[in-house]
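Written out below as structure tokens is the structure these notes cover.
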Protein chains: 2
Amino acid sequence: MRGLMRIAFAAAVIAVALAAGPRAAAADSKLIRKVDAYRQAHEIAIVGELEALTRFRSVAADSSGIVAAASHLEGLLKARGFDTAQLAVPGSMPAVFGSLAVKGAKRTVVYYAHYDGQPVTPSEWASDPFDPVMRSGPIASGESRIDWKHARTPLDPEWRLYGRAVADDKTSIIAFLAAFDALEAMGRSPSVNLKVLWEGEEEAGSRHLAAILRSQAARLNSDLWIIGDGPVHQSRRRMVSFGARGVVGMEATVYGPSRALHDGHYGNWVPNPAAMAAELIAAMRAPDGHVLIPGFLDDVRPLTAAERSAVAALPPVEEQLRREFGIARAESPDGLTASILRPALNVRGIRAGHVGAEAANAIPTDATVSIDFRLVPDQTPARVRQTVESFLRAQGWTVVAQAPGSVTRLAHDRIVKLEWEGGYPAFRSDMTTPAARAVIAAARDAAGGAVAVMPMMGGSVPLYMFDDAFHVPVIGLPVVNHDNNQHAANENIRLQNLWDGITTYAALMSELDW
Amino acid sequence: MRGLMRIAFAAAVIAVALAAGPRAAAADSKLIRKVDAYRQAHEIAIVGELEALTRFRSVAADSSGIVAAASHLEGLLKARGFDTAQLAVPGSMPAVFGSLAVKGAKRTVVYYAHYDGQPVTPSEWASDPFDPVMRSGPIASGESRIDWKHARTPLDPEWRLYGRAVADDKTSIIAFLAAFDALEAMGRSPSVNLKVLWEGEEEAGSRHLAAILRSQAARLNSDLWIIGDGPVHQSRRRMVSFGARGVVGMEATVYGPSRALHDGHYGNWVPNPAAMAAELIAAMRAPDGHVLIPGFLDDVRPLTAAERSAVAALPPVEEQLRREFGIARAESPDGLTASILRPALNVRGIRAGHVGAEAANAIPTDATVSIDFRLVPDQTPARVRQTVESFLRAQGWTVVAQAPGSVTRLAHDRIVKLEWEGGYPAFRSDMTTPAARAVIAAARDAAGGAVAVMPMMGGSVPLYMFDDAFHVPVIGLPVVNHDNNQHAANENIRLQNLWDGITTYAALMSELDW
């Protein structure tokens, strides 16, 4: 059946191309309604494809799950007539590539997303992260579990499907495929040559992405990258974003006695590493989130006038989010967007000794702090590392890269082991190029109204790599709900965002031209 | 056989009493050698009794293990002719009581120890905490496992038996029983009426001990309490101690967003509870261990001249301990003993988010800090609680006792839930009473030389309760090695300390008179 459809689709491409050339694909007010109608007729099948993809354990801890997901994705592209390949370099997980040439199209767009997910702590989830469950709403909202496979359509658009990576980014992948299917069913030809690149180790720091891009430069050649990562604006408006913060992770371990000691007999005399970890954090980060490390802000590039205007035009969401997150205050008096346009030092976790029923009256042997730095242009991971290490040395720490042996322990007063993740810099794309204007226009058509135009997302995507490798516009087109619990337990996608994603991708495939 | 021995023993008591009265039990230079000889002939059996006792899972998390250990201990006393009882008040674990009247004895001594142990984290242990293992030395010293049950005696006195509570305090209990058996075998009568009280919830804060002492005042009436808890001096000298710090535990939980949030999208704007926990600790405690909470030190009672002299007479151990613990510096420039004679704020543990492979780029929902305050005379847990809570309120925290609901979260900027353990005050006994001098003399006889005389141990034992209830001297007679890993993983007893404990208890049973 797929084979027959492909032939019909190819014929349609030729027909459209002959009739009016690629410009015929420009803004079509009926297109979105038709795509929506297609989706309404296929809701169970579309959610089924998302559910099937979410079942793959594509997380860094399970490379076989990643490999299996890649093969599955390649199969989905092949079935739709794409030329496919799994792109890899030594040591990397596979990136899934697909391309489909469109007769008459003068531009080529690569649609990027990643299919790997953040690590999971299953005990924190309301259900198995890899056995997706549909619920009628957010967790702890009085929601119920839904037997969606036997539900009547249209499905309630406020329902949410729960699973690791379902939002970040498997929904973007499925929305792209469903949009493609809708256009194919309508006999509508894309306005651009289509390429996809679905990465398999974004959540592990995209350590091999630059090498993959470089080694596959000819294959990935294009006029525009569309990055389908991250959530839409908290106002629920669809969003076009022109950058993302960079990131570099660091794990700091500080050392106390070589064995845990009774804190009654030795407390006050033997150094307490849990207290040292607290001092380390408090020395680096002010209560309002500002980073206290000298030089850390030196490289920060100011916003342009266009970027400042875009921020000012965003609808306010702070009061809504305060209520949603159950917080009485923000760390910073600035608004959310202004805050995340600054670099950040996030404490992801601390572990020392024990708490609760396991707490013992002991001085722990060590304490570990997991941190990520979110970077803005023109900070770099290397400079951040240098600045942090210089600061710690100036504060009296001996910085080591390996757990210290007894000789090192006895020689240095305060030892901190720093383990740096690779990380990558931030990137902001020019918001005023023709391609940028075309993408904003297509997103507005799909939305039937205003979209949120963001100079830079707070989250991190290695956009700089695309810029470095290709020097073409790189534009973010996120589709998932902001409250998707991305990176935490109970990650979920709200169905309306999946539906919106399909129309947005349909517009980005069939209306783009510049 | 036990029955026959008991009759023989009773006859011996009468014979000694007739011959010379209780003074005949005064310092006998041959006694210690005879007790040692008895021990050498019974090493496997004595270690066997310690091993059997250590197999009981007598930890707070397992009340059935505590109850079973109590019955076992009662049986050991009954077999030795003691009148026994399990003392309890509603809600308490049983305290094991035994008494043996000695004809002609004018003084009565109660020997206290506890048979419950600290909580365990089995994954941190080199072997099952409740399946004792003998090793040739400390963990990671190149030690080997020993099949001690089939070893030739005398056993190597540097061998160590590993298991939870084996040192804290099950060795004191077995040393007492072995000393009793040795005296019985020698036909030597105790010089005092013997009572024992073995508590079952010391590691859970001795919450019912005061009530047990009050309700059993007649039964527990005595002239002296000997407290067999804690380790001997780090110089390995035997020790007599005249007090112990008090303690009060506190768990503080601080709150961020009501669900974990992507720290790229929200870091810098949504409060980070891991950072807040670090700020909380750093605000309360200086890097040198001094407590920064105003008023915390107001109640501290200065040392007496006798106490200061005793501290000055202790052999220095700091360099040895620095090497042993693998630390280049102490928190405080004062020596160990001076440091632990001050109150302390110990951070026992911190938990927030995740570290290592599980670290996710998320702002955690909360962070928990487990603390114990070590108290000195005349601090009280109630005053400490009041001082800490006042300080936190002054720092802008809203102090709550329950996890906050959404209304509370939205109403208060910085919320900390404080959960206080019962705790108890410190106690220092007069070092100059006749009973004190008699105990020091007996310990010196057993040691055949100097002993360490400590005004107060750093660890906590609820000595104040004995003083409150009975107003008689309360003196600490610890026996276990200082490096026993008390309260931590791989707790162990060095055999020489068990052997020393037996002679010390023998002297304290047969030589005390004042």
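Here's how to read the names in the structure tokens: chain A, B, ... by the order shown, residue numbers from 1 in each chain, ligand numbers from 1 in the order shown.
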
Could you write out as a compact mmCIF listing (two decimals) with all heavy atoms, in the first residue's frame the residues of chain A within 6 Å of chain B, counting only C-alpha atoms?
```txt
# COMPACT_ATOMS: atom_id res chain seq x y z
N PRO A 119 18.34 10.54 30.94
CA PRO A 119 18.30 9.37 31.84
C PRO A 119 16.99 9.35 32.64
O PRO A 119 16.35 10.39 32.80
CB PRO A 119 19.49 9.61 32.79
CG PRO A 119 20.37 10.60 32.10
CD PRO A 119 19.48 11.43 31.22
N PRO A 257 37.23 12.58 55.21
CA PRO A 257 38.09 11.48 55.65
C PRO A 257 37.99 10.29 54.69
O PRO A 257 36.98 10.13 54.00
CB PRO A 257 37.53 11.12 57.02
CG PRO A 257 36.10 11.57 56.98
CD PRO A 257 36.08 12.80 56.12
N SER A 258 39.03 9.46 54.69
CA SER A 258 39.05 8.35 53.75
C SER A 258 38.06 7.25 54.14
O SER A 258 37.78 6.37 53.34
CB SER A 258 40.47 7.78 53.64
OG SER A 258 40.98 7.49 54.92
N ALA A 260 34.17 6.89 56.45
CA ALA A 260 33.17 7.65 57.21
C ALA A 260 33.48 7.54 58.70
O ALA A 260 33.86 6.48 59.19
CB ALA A 260 31.77 7.10 56.92
N HIS A 262 32.46 8.63 62.85
CA HIS A 262 31.44 9.03 63.82
C HIS A 262 31.53 10.54 64.03
O HIS A 262 32.58 11.06 64.41
CB HIS A 262 31.74 8.28 65.13
CG HIS A 262 30.66 8.43 66.15
ND1 HIS A 262 30.33 9.62 66.74
CD2 HIS A 262 29.84 7.49 66.70
CE1 HIS A 262 29.37 9.42 67.62
NE2 HIS A 262 29.05 8.14 67.60
N GLY A 264 30.15 12.38 66.20
CA GLY A 264 30.29 12.81 67.60
C GLY A 264 31.75 12.83 68.00
O GLY A 264 32.24 13.81 68.57
N HIS A 265 32.46 11.80 67.63
CA HIS A 265 33.86 11.70 68.06
C HIS A 265 34.78 12.61 67.25
O HIS A 265 35.85 12.99 67.73
CB HIS A 265 34.35 10.26 67.95
CG HIS A 265 33.58 9.32 68.84
ND1 HIS A 265 33.33 9.63 70.16
CD2 HIS A 265 32.98 8.13 68.61
CE1 HIS A 265 32.61 8.65 70.70
NE2 HIS A 265 32.38 7.74 69.77
N ASN A 268 33.77 18.61 64.01
CA ASN A 268 34.44 19.86 64.41
C ASN A 268 35.94 19.77 64.15
O ASN A 268 36.61 20.80 64.16
CB ASN A 268 34.29 20.22 65.89
CG ASN A 268 33.12 21.12 66.16
OD1 ASN A 268 32.34 21.37 65.25
ND2 ASN A 268 33.00 21.60 67.38
N TRP A 269 36.46 18.57 64.00
CA TRP A 269 37.91 18.44 63.80
C TRP A 269 38.20 17.86 62.42
O TRP A 269 39.02 18.39 61.67
CB TRP A 269 38.54 17.59 64.92
CG TRP A 269 40.03 17.64 64.90
CD1 TRP A 269 40.82 18.68 65.36
CD2 TRP A 269 40.93 16.66 64.37
NE1 TRP A 269 42.14 18.39 65.14
CE2 TRP A 269 42.25 17.16 64.54
CE3 TRP A 269 40.76 15.41 63.77
CZ2 TRP A 269 43.39 16.46 64.13
CZ3 TRP A 269 41.89 14.71 63.36
CH2 TRP A 269 43.18 15.23 63.55
N VAL A 270 37.52 16.77 62.07
CA VAL A 270 37.68 16.20 60.72
C VAL A 270 36.81 16.99 59.75
O VAL A 270 35.63 17.20 60.01
CB VAL A 270 37.28 14.71 60.72
CG1 VAL A 270 37.14 14.18 59.30
CG2 VAL A 270 38.31 13.89 61.49
N PRO A 271 37.38 17.45 58.63
CA PRO A 271 36.58 18.23 57.67
C PRO A 271 35.36 17.46 57.17
O PRO A 271 35.44 16.27 56.88
CB PRO A 271 37.58 18.49 56.53
CG PRO A 271 38.92 18.43 57.18
CD PRO A 271 38.80 17.37 58.24
N ALA A 278 28.55 22.48 50.25
CA ALA A 278 27.64 23.63 50.39
C ALA A 278 28.41 24.93 50.24
O ALA A 278 27.95 25.87 49.57
CB ALA A 278 26.93 23.56 51.74
N GLU A 279 29.58 25.01 50.86
CA GLU A 279 30.40 26.22 50.75
C GLU A 279 30.81 26.47 49.29
O GLU A 279 30.82 27.61 48.82
CB GLU A 279 31.65 26.09 51.63
CG GLU A 279 31.33 26.07 53.13
CD GLU A 279 32.38 25.34 53.95
OE1 GLU A 279 33.51 25.15 53.47
OE2 GLU A 279 32.06 24.93 55.09
N ALA A 282 27.78 27.85 47.44
CA ALA A 282 27.44 29.22 47.88
C ALA A 282 28.50 30.23 47.44
O ALA A 282 28.20 31.41 47.24
CB ALA A 282 27.26 29.24 49.39
N GLY A 289 20.75 33.73 41.79
CA GLY A 289 21.18 32.99 40.61
C GLY A 289 22.40 33.58 39.90
O GLY A 289 22.99 32.92 39.05
N PHE A 325 3.92 26.32 38.91
CA PHE A 325 5.08 25.67 39.53
C PHE A 325 5.02 25.69 41.06
O PHE A 325 5.89 25.13 41.72
CB PHE A 325 6.38 26.36 39.09
CG PHE A 325 6.62 26.33 37.60
CD1 PHE A 325 7.46 27.26 37.01
CD2 PHE A 325 6.01 25.38 36.79
CE1 PHE A 325 7.69 27.23 35.63
CE2 PHE A 325 6.23 25.35 35.41
CZ PHE A 325 7.06 26.29 34.83
N GLY A 326 4.03 26.37 41.62
CA GLY A 326 3.92 26.43 43.08
C GLY A 326 5.07 27.17 43.73
O GLY A 326 5.62 26.73 44.74
N ILE A 327 5.45 28.30 43.15
CA ILE A 327 6.52 29.10 43.74
C ILE A 327 6.01 30.50 44.03
O ILE A 327 5.25 31.07 43.25
CB ILE A 327 7.78 29.17 42.84
CG1 ILE A 327 7.42 29.65 41.42
CG2 ILE A 327 8.46 27.81 42.78
CD1 ILE A 327 8.63 29.86 40.51
N ALA A 328 6.42 31.04 45.19
CA ALA A 328 5.94 32.37 45.59
C ALA A 328 6.79 33.46 44.98
O ALA A 328 6.36 34.61 44.93
CB ALA A 328 5.95 32.47 47.12
N ARG A 329 7.98 33.12 44.55
CA ARG A 329 8.89 34.13 44.05
C ARG A 329 9.71 33.53 42.91
O ARG A 329 9.86 32.32 42.80
CB ARG A 329 9.87 34.58 45.14
CG ARG A 329 10.75 33.42 45.57
CD ARG A 329 11.90 33.76 46.46
NE ARG A 329 12.56 32.51 46.83
CZ ARG A 329 13.82 32.21 46.53
NH1 ARG A 329 14.59 33.08 45.91
NH2 ARG A 329 14.34 31.04 46.86
N ALA A 330 10.29 34.42 42.12
CA ALA A 330 11.31 34.00 41.16
C ALA A 330 12.66 34.26 41.80
O ALA A 330 12.79 35.06 42.71
CB ALA A 330 11.16 34.77 39.87
N GLU A 331 13.68 33.54 41.30
CA GLU A 331 15.03 33.81 41.82
C GLU A 331 15.46 35.23 41.46
O GLU A 331 16.11 35.91 42.23
CB GLU A 331 16.04 32.83 41.21
CG GLU A 331 16.39 31.71 42.12
CD GLU A 331 17.54 30.86 41.60
OE1 GLU A 331 18.06 31.11 40.51
OE2 GLU A 331 17.92 29.94 42.33
N SER A 332 15.09 35.62 40.26
CA SER A 332 15.52 36.92 39.74
C SER A 332 14.30 37.81 39.60
O SER A 332 13.22 37.35 39.24
CB SER A 332 16.17 36.70 38.38
OG SER A 332 16.07 37.86 37.60
N LEU A 336 10.98 36.07 33.09
CA LEU A 336 11.53 34.77 32.71
C LEU A 336 12.47 34.89 31.51
O LEU A 336 13.60 34.39 31.53
CB LEU A 336 10.38 33.80 32.37
CG LEU A 336 10.81 32.47 31.75
CD1 LEU A 336 11.66 31.67 32.72
CD2 LEU A 336 9.59 31.66 31.33
N SER A 339 15.71 36.50 32.18
CA SER A 339 16.54 35.66 33.05
C SER A 339 17.25 34.57 32.25
O SER A 339 18.43 34.29 32.48
CB SER A 339 15.70 35.02 34.15
OG SER A 339 15.13 36.02 34.97
N ALA A 344 23.66 30.77 33.21
CA ALA A 344 23.17 30.24 34.48
C ALA A 344 24.12 29.17 35.03
O ALA A 344 24.82 28.51 34.28
CB ALA A 344 21.79 29.62 34.29
N ARG A 348 22.19 20.61 39.58
CA ARG A 348 21.30 19.52 39.17
C ARG A 348 21.10 18.51 40.29
O ARG A 348 20.11 17.80 40.33
CB ARG A 348 21.92 18.78 37.98
CG ARG A 348 22.12 19.67 36.78
CD ARG A 348 22.61 18.87 35.59
NE ARG A 348 23.96 18.40 35.71
CZ ARG A 348 24.74 18.07 34.69
NH1 ARG A 348 24.27 18.16 33.45
NH2 ARG A 348 25.97 17.65 34.86
N GLY A 349 22.11 18.41 41.17
CA GLY A 349 21.99 17.42 42.22
C GLY A 349 23.14 17.52 43.20
O GLY A 349 24.21 18.06 42.88
N ILE A 350 22.89 17.04 44.41
CA ILE A 350 23.93 16.92 45.44
C ILE A 350 23.73 15.57 46.12
O ILE A 350 22.60 15.18 46.40
CB ILE A 350 23.82 18.01 46.53
CG1 ILE A 350 23.58 19.40 45.93
CG2 ILE A 350 25.06 18.01 47.42
CD1 ILE A 350 23.42 20.49 47.00
N ARG A 351 24.84 14.91 46.39
CA ARG A 351 24.80 13.66 47.15
C ARG A 351 25.92 13.67 48.17
O ARG A 351 27.08 13.84 47.83
CB ARG A 351 25.06 12.45 46.24
CG ARG A 351 23.89 11.90 45.50
CD ARG A 351 22.91 11.16 46.42
NE ARG A 351 21.74 10.74 45.68
CZ ARG A 351 20.83 11.56 45.16
NH1 ARG A 351 20.95 12.86 45.29
NH2 ARG A 351 19.79 11.09 44.52
N ALA A 352 25.55 13.50 49.42
CA ALA A 352 26.55 13.33 50.47
C ALA A 352 25.89 12.56 51.60
O ALA A 352 24.74 12.84 51.95
CB ALA A 352 27.03 14.69 50.97
N GLY A 353 26.60 11.60 52.14
CA GLY A 353 26.08 10.84 53.27
C GLY A 353 24.68 10.34 53.01
O GLY A 353 24.35 9.91 51.90
N HIS A 354 23.85 10.41 54.02
CA HIS A 354 22.49 9.90 53.91
C HIS A 354 21.52 10.82 54.62
O HIS A 354 21.90 11.55 55.54
CB HIS A 354 22.39 8.50 54.54
CG HIS A 354 23.28 7.50 53.87
ND1 HIS A 354 22.98 6.96 52.64
CD2 HIS A 354 24.47 6.99 54.22
CE1 HIS A 354 23.95 6.13 52.29
NE2 HIS A 354 24.87 6.15 53.23
N VAL A 355 20.27 10.77 54.19
CA VAL A 355 19.22 11.54 54.86
C VAL A 355 18.09 10.58 55.20
O VAL A 355 18.10 9.41 54.81
CB VAL A 355 18.71 12.70 53.97
CG1 VAL A 355 19.84 13.64 53.58
CG2 VAL A 355 18.01 12.15 52.72
N GLU A 358 17.84 6.53 56.60
CA GLU A 358 19.20 6.01 56.43
C GLU A 358 20.26 6.91 57.04
O GLU A 358 21.44 6.57 57.04
CB GLU A 358 19.51 5.84 54.94
CG GLU A 358 19.00 4.55 54.35
CD GLU A 358 19.73 4.20 53.06
OE1 GLU A 358 20.34 5.10 52.45
OE2 GLU A 358 19.67 3.02 52.66
N ALA A 360 22.92 8.39 59.13
CA ALA A 360 23.74 7.89 60.23
C ALA A 360 24.58 9.05 60.74
O ALA A 360 24.89 9.97 59.98
CB ALA A 360 24.63 6.75 59.75
N ALA A 362 27.40 10.20 60.92
CA ALA A 362 28.75 10.01 60.40
C ALA A 362 29.16 11.19 59.52
O ALA A 362 28.32 11.80 58.86
CB ALA A 362 28.82 8.72 59.59
N SER A 370 26.45 18.00 41.17
CA SER A 370 26.32 18.00 39.71
C SER A 370 25.76 19.34 39.27
O SER A 370 24.74 19.80 39.77
CB SER A 370 25.39 16.85 39.28
OG SER A 370 25.29 16.83 37.87
N SER A 406 46.11 8.45 48.55
CA SER A 406 46.43 8.87 49.92
C SER A 406 47.51 9.94 49.94
O SER A 406 47.46 10.85 50.78
CB SER A 406 46.82 7.66 50.76
OG SER A 406 47.89 6.98 50.14
N ARG A 409 45.78 13.21 49.11
CA ARG A 409 44.91 13.60 50.23
C ARG A 409 45.72 14.23 51.37
O ARG A 409 45.28 15.20 51.99
CB ARG A 409 44.20 12.37 50.80
CG ARG A 409 43.01 11.91 49.99
CD ARG A 409 42.55 10.56 50.51
NE ARG A 409 41.28 10.15 49.97
CZ ARG A 409 40.09 10.48 50.47
NH1 ARG A 409 40.00 11.23 51.54
NH2 ARG A 409 38.98 10.06 49.90
N LEU A 410 46.87 13.64 51.65
CA LEU A 410 47.66 14.13 52.79
C LEU A 410 48.41 15.40 52.45
O LEU A 410 48.89 16.09 53.35
CB LEU A 410 48.63 13.04 53.25
CG LEU A 410 47.96 11.88 53.99
CD1 LEU A 410 48.95 10.77 54.26
CD2 LEU A 410 47.35 12.38 55.30
N ALA A 411 48.52 15.71 51.16
CA ALA A 411 49.32 16.86 50.76
C ALA A 411 48.49 18.13 50.57
O ALA A 411 49.05 19.23 50.58
CB ALA A 411 50.07 16.55 49.47
N HIS A 412 47.17 17.99 50.42
CA HIS A 412 46.37 19.16 50.06
C HIS A 412 45.16 19.33 50.98
O HIS A 412 44.42 18.38 51.21
CB HIS A 412 45.91 19.06 48.60
CG HIS A 412 47.05 18.98 47.63
ND1 HIS A 412 47.83 20.07 47.33
CD2 HIS A 412 47.56 17.93 46.94
CE1 HIS A 412 48.77 19.70 46.47
NE2 HIS A 412 48.63 18.40 46.22
N ASP A 413 45.00 20.57 51.42
CA ASP A 413 43.95 20.87 52.40
C ASP A 413 42.55 20.63 51.88
O ASP A 413 41.70 20.06 52.56
CB ASP A 413 44.03 22.35 52.79
CG ASP A 413 45.05 22.59 53.88
OD1 ASP A 413 45.65 21.60 54.33
OD2 ASP A 413 45.24 23.75 54.26
N GLY A 458 16.09 29.00 26.41
CA GLY A 458 16.91 28.75 27.59
C GLY A 458 17.61 27.40 27.56
O GLY A 458 18.72 27.24 28.05
N GLY A 459 16.94 26.43 26.96
CA GLY A 459 17.51 25.10 26.84
C GLY A 459 18.63 25.08 25.82
O GLY A 459 18.88 26.08 25.13
N GLN A 486 9.98 17.74 30.56
CA GLN A 486 11.22 17.44 29.85
C GLN A 486 12.37 17.29 30.85
O GLN A 486 12.51 18.12 31.74
CB GLN A 486 11.47 18.65 28.94
CG GLN A 486 12.48 18.48 27.87
CD GLN A 486 12.54 19.78 27.03
OE1 GLN A 486 11.71 20.66 27.15
NE2 GLN A 486 13.54 19.86 26.18
N HIS A 487 13.16 16.27 30.74
CA HIS A 487 14.34 16.02 31.57
C HIS A 487 13.99 15.56 32.98
O HIS A 487 14.88 15.28 33.76
CB HIS A 487 15.25 17.26 31.66
CG HIS A 487 15.96 17.58 30.38
ND1 HIS A 487 17.15 18.24 30.36
CD2 HIS A 487 15.65 17.28 29.10
CE1 HIS A 487 17.52 18.37 29.08
NE2 HIS A 487 16.63 17.81 28.31
N ALA A 488 12.71 15.46 33.30
CA ALA A 488 12.33 15.04 34.65
C ALA A 488 11.44 13.80 34.53
O ALA A 488 11.30 13.22 33.45
CB ALA A 488 11.60 16.17 35.35
```

### Task
Show which residues sit within 12 Å of Arg437 of chain B, as a list in words. Count only C-alpha atoms, and ignore same-chain residues fewer than 3 positions away.
Val240, Ser241, Phe242, Asp430, Met431, Thr432, Thr433, Pro434, Ile440, Ala441, Ala442, Ala443, Arg444, Val453, Pro473, Ile475, Leu512, Asp513 and Trp514 of chain B

Open item on the list: DSSP on the backbone, helix (DSSP H, G or I) only: what residues of segment 95-261 of chain B does that give? Format it as a ChimeraX atom specification.
Closed with: /B:122-124,148-150,166-186,209-215

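Take the candidates A:His233, A:Lys30, A:Arg39, A:Arg385 and check each one against Val311 of chain A using only C-alpha atoms; the shortest distance goes to A:His233.
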
The distance between atom CA of Ala469 of chain A and atom CA of Thr171 of chain A is 26.3 Å

### Message
Need the shell around Pro478 of chain A: protein/DNA/RNA residues with any atom at most 7 Å away, counting only C-alpha atoms. Skip same-chain ones fewer than 2 positions apart. Format as a list in words?
### Response
Gly228, Asp229, Gly230, Pro231, Val232, Met239, Gly476 and Val480 of chain A

Among segment 227-465 of chain A, which residues carry a DSSP assignment of strand (DSSP E), reported as a ChimeraX atom specification?
/A:227,239-241,243-255,261-262,344-353,362-363,366-375,398-400,415-420,427-428,452-454,457-460

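If only C-alpha atoms are the atoms counted, then among B:Ala105, B:Leu292, B:Val254, B:Leu495 the closest residue to Phe391 of chain B is B:Leu292.
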
Nearby residues (only C-alpha atoms) at most 6 Å from Trp159 of chain B, same-chain spacing under 4 positions excluded, as a ChimeraX atom specification
/B:135-137,494-495
